[in-house]
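Here the structure is laid out as structure tokens; the discussion comes afterwards.
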Amino acid sequence: MVSLQITQRSVNFAFGFFLTALLSCQSNSGTGTYETYVVDKGNIETWETTEGRVEPANEVLLLSPTSSIITEIRKEPGQKVKEGEVLVVLNTKEVEDKIENLNDQLAVKQNNLEKTRLNARSAKADLSHNIETKKLKISSIKSVLADQEQLLEVGGISQAKFDKTKQELVLAEKELQLVQQKNAIKLEQLAADEKGLLLQIEIQEKELAHQQELLGRMEVKAPSEGIVLGIHAKQGEKIQGDKLLVTLSDLTCFKIRATISTKQKDIVKTGRRAYVMVDNTRLEGRIGTVKPKVEDGNLSFSVHLTDSNHPKLIPNQRVDLQVVKRARYNVLRLKKGAIISDKKVQNVYKVNGDSAEQKELKLGLITDEYIEIKDGLQEGDEVVISTVSNFKDANSISVDKFKK
């Protein structure tokens with residue numbers, strides 16, 4: 001017998017479950033502590049580490065919220081702007097068309113929902129009437145049968161006629177039972193139809209809210225008072241989403257100035273994701289400008305943070321920087337454990353109820369923290385990722401779980 005302890009079920013939850021397990025291996029067995037992880041969806045990244053220094057931000061990057069055409073540029077480099085002033089105006093026709101289309105689709109679905117509810121009410125009435133009719137028929141047959149029973153006793157009716165009436169009663173009762181079963185199924189179908197329409201409406205309402213919010217961002221505005229440093233597009237130009245449109249000075253927030261070896265120059269590109277570590281706090285950012293001049297074999301570049309006024313940021317403070325090299329976003333992932341190797345195809349132990357069996361796993365991107373799951377597992381599957389016991393040759397393990 002062994003003790004099985006789950007030390008982490010998911011990075012998305014702040015609580016843990018502990019399991020005690022009996023291990024029954026066909027080949028080997030052992031004792032010790034085991035760690036499992038519940039497969040989830042998230043981001044997987046590899047990065048190059050370097051150092052940076054916190055300094056007052058002298059520019060803010062303003063990106064296009066979506067693909068569009070620039071219809072107007074209202075400010076020029078060197079001009080001073082106030083918070084909320086419009087700098088660039090994008091064509092809103094595509095977004096407005098999407099909003100109109102979504103409103104039309106929602107109107108149709110709302111109408112279908114109303115029809116479904118009316119049909120459900122009508123069907124319920126018909127079903128109820130059908131059942132009542134069957135019950136009345138049964139009642140009538142029972143009454144006839146009672147009369148026939150008295151007649152049979154005095155020889156006023158034949159046994160065959162009495163038996164025929166009894167058979168009619170049995171058939172009527174079976175018909176009622178069948179109708180009730182069919183009615184139950186029909187009512188479930190009607191409820192499922194309504195639920196499906198409600199879900200579709202909810203999804204489209206969320207998309208409509210997103211498009212309406214996007215419409216409000218088609219005018220690119222200054223987030224704070226500052227000076228326009230550069231306009232990186234032209235009027236009439238067709239642009240893609242997340243394209244750099246404006247650089248704007250802002251002395252109320254901070255950025256990171258960093259250097260990295262020229263050997264890593266291929267990963268230092270404007271817009272690339274990077275992370276700054278400040279007193280065990282991880283802040284997300286994007287690479288801004290990259291100086292073309294090389295000094296002492298190093299490239300100099302800036303990193304602009306999402307939370308640029310974080311209270312832990314102090315001018316001239318030295319920080320660790322992680323520049324993303326490779327990444328997979330919103331993919332199935334599994335935490336890297338002691339028994340999870342770097343092989344692209346390998347076997348793992350998937351927990352299933354009170355047992356865990358070997359499952360072939362195909363991997364994508366592999367990092368020191370997570371691995372990308374290409375095939376073999378689904379979101380929510382629980383997998384043994386670490387153990388001090390030896391059951392690598394076992395085909396399955398038996399687990400007896402309890403909460404503690």
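Here, A, B, ... name the chains of the structure tokens in the order displayed, residue numbers run from 1 inside each chain, and ligands are numbered from 1 in the same displayed order.
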
**Prompt:** Near range 134-137 of chain A, counting only C-alpha atoms, which residues have an atom at most 12 Å away, once you skip same-chain residues fewer than 2 positions from it, shown as an NGL selection string?
**Reply:** :A and (127-132 or 139-144 or 168-180)

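Among the residues of range 214-290 of chain A, backbone DSSP assigns helix (DSSP H, G or I) to A:Leu214, A:Leu215, A:Gly216, A:Thr262, A:Lys263, A:Gln264, A:Lys265, A:Asp266, A:Ile267.
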
Problem - range 41-235 of chain A: residues DSSP assigns to strand (DSSP E), reported as a ChimeraX atom specification - result: /A:41-56,60-63,68-73,80-81,86-90,219-221,226-231

CA of Ala327 in chain A to CA of Ile287 in chain A measures 15.4 Å

Check: Hey, what's within 10 Å of range 279-281 of chain A if we count only C-alpha atoms and toss same-chain stuff fewer than 5 positions away? As a ChimeraX atom specification, please?
Finding: /A:312-313,319-320

re CA of Leu198 in chain A and CA of Gln212 in chain A: distance 20.8 Å

- [ ] List the neighbours of range 334-351 of chain A out to 6 Å using only C-alpha atoms; skip same-chain residues closer than 5 positions along the sequence, and give me the result as a list in words.
- [x]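 Everything that qualifies: Val39, Ala356, Glu357, Gln358, Lys359, Glu360, Leu361, Lys362, Leu363, Glu369, Tyr370, Ile371, Glu382, Val383, Val384, Ile385 and Ser386 of chain A.
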
Write a file of the selected residues as a PDB file, in the first residue's frame, keeping C-alpha atoms.
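Final file, out-v2.pdb:
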ATOM      1  CA  VAL A  39      -4.978  19.457 -18.070  1.00  0.00           C
ATOM      2  CA  ALA A 356      -5.106   5.501 -13.516  1.00  0.00           C
ATOM      3  CA  GLU A 357      -4.084   3.931 -16.808  1.00  0.00           C
ATOM      4  CA  GLN A 358      -1.340   4.506 -19.325  1.00  0.00           C
ATOM      5  CA  LYS A 359      -2.199   6.867 -22.172  1.00  0.00           C
ATOM      6  CA  GLU A 360      -0.073   7.710 -25.220  1.00  0.00           C
ATOM      7  CA  LEU A 361       0.636  11.419 -25.404  1.00  0.00           C
ATOM      8  CA  LYS A 362       1.828  13.502 -28.374  1.00  0.00           C
ATOM      9  CA  LEU A 363       3.527  16.795 -27.501  1.00  0.00           C
ATOM     10  CA  GLU A 369       7.296  24.617 -16.872  1.00  0.00           C
ATOM     11  CA  TYR A 370       4.689  23.330 -19.337  1.00  0.00           C
ATOM     12  CA  ILE A 371       4.303  21.094 -22.362  1.00  0.00           C
ATOM     13  CA  GLU A 382      -5.951  14.457 -14.530  1.00  0.00           C
ATOM     14  CA  VAL A 383      -2.435  13.110 -15.062  1.00  0.00           C
ATOM     15  CA  VAL A 384       0.319  11.874 -12.733  1.00  0.00           C
ATOM     16  CA  ILE A 385       3.324  14.121 -13.432  1.00  0.00           C
ATOM     17  CA  SER A 386       5.738  13.352 -10.605  1.00  0.00           C
TER      18      SER A 386
END

(Q) So, with only C-alpha atoms as the atoms that count, which of A:Leu332, A:Ile44, A:Leu63, A:Val303 lies closest to Gly241 in chain A? (A)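 That would be A:Leu63, the residue with the smallest distance to Gly241 in chain A.
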
Identify, on the basis of only C-alpha atoms, every residue whose closest approach to Asp40 in chain A does not exceed 7 Å; exclude the query and any residue fewer than 5 positions from it along the same chain; express the result as JSON, numbers by chain.
-> {"A": [332, 333, 379, 380]}

Could you take the residues named above and write them with C-alpha atoms, as a compact mmCIF listing (two decimals), in the first residue's frame?
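Wrote result25.txt, looks like this:
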# COMPACT_ATOMS: atom_id res chain seq x y z
CA LEU A 332 -4.01 22.39 -24.08
CA ARG A 333 -1.13 22.12 -21.65
CA GLU A 379 -9.10 19.59 -20.97
CA GLY A 380 -9.99 18.40 -17.47

Notebook entry, point to check: Nearest to Leu248 in chain A: which of A:Ile138, A:Ile260, A:Ile366, A:Val228 is it, counting only C-alpha atoms?
Noted result: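 Using only C-alpha atoms, the shortest distance to Leu248 in chain A belongs to A:Val228.
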
I'd like the contact shell of Pro65 in chain A - 8 Å cut-off, only C-alpha atoms, skipping same-chain residues fewer than 5 positions apart - returned as a ChimeraX atom specification. /A:214,217-218,241-242

Within 10 Å of Pro56 in chain A, counting only C-alpha atoms, which residues qualify if same-chain residues fewer than 5 places away don't, as a ChimeraX atom specification? /A:249-257,308-309,313-316

Since we have the selection now, will you write its residues out, keeping C-alpha atoms, as a PDB file, in the first residue's frame?
ATOM      1  CA  SER A 249       5.424  60.684 -24.715  1.00  0.00           C
ATOM      2  CA  ASP A 250       4.159  60.103 -21.173  1.00  0.00           C
ATOM      3  CA  LEU A 251       6.178  61.000 -18.113  1.00  0.00           C
ATOM      4  CA  THR A 252       3.551  59.676 -15.698  1.00  0.00           C
ATOM      5  CA  CYS A 253       4.522  56.043 -16.265  1.00  0.00           C
ATOM      6  CA  PHE A 254       7.588  53.847 -16.655  1.00  0.00           C
ATOM      7  CA  LYS A 255       9.283  51.638 -19.198  1.00  0.00           C
ATOM      8  CA  ILE A 256      12.267  49.298 -19.162  1.00  0.00           C
ATOM      9  CA  ARG A 257      15.539  49.981 -20.967  1.00  0.00           C
ATOM     10  CA  SER A 308       3.285  50.920 -16.583  1.00  0.00           C
ATOM     11  CA  ASN A 309       2.501  52.662 -13.286  1.00  0.00           C
ATOM     12  CA  LEU A 313       8.341  50.172 -10.303  1.00  0.00           C
ATOM     13  CA  ILE A 314      11.070  52.528  -9.101  1.00  0.00           C
ATOM     14  CA  PRO A 315      13.241  54.701 -11.406  1.00  0.00           C
ATOM     15  CA  ASN A 316      16.738  53.245 -12.042  1.00  0.00           C
TER      16      ASN A 316
END

So what do you get for CA of Asn43 in chain A versus CA of Glu372 in chain A, distance-wise?
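For CA of Asn43 in chain A relative to CA of Glu372 in chain A, the distance reads 9.0 Å.
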
Compile a residue-level contact table for range 165-203 of chain A against range 110-120 of chain A at a cut-off of 8 Å, reporting for every qualifying residue the shortest atom pair and its distance in Å to one decimal, with only C-alpha atoms counted, rows ordered by chain and ascending number, as CSV.
residue,atom,partner,partner_atom,distance
A:Leu187,CA,A:Ala120,CA,7.8
A:Leu190,CA,A:Ala120,CA,6.0
A:Asp193,CA,A:Thr116,CA,7.4
A:Glu194,CA,A:Leu113,CA,6.5
A:Leu197,CA,A:Leu113,CA,6.2
A:Leu198,CA,A:Leu113,CA,7.5
A:Ile201,CA,A:Gln110,CA,7.5
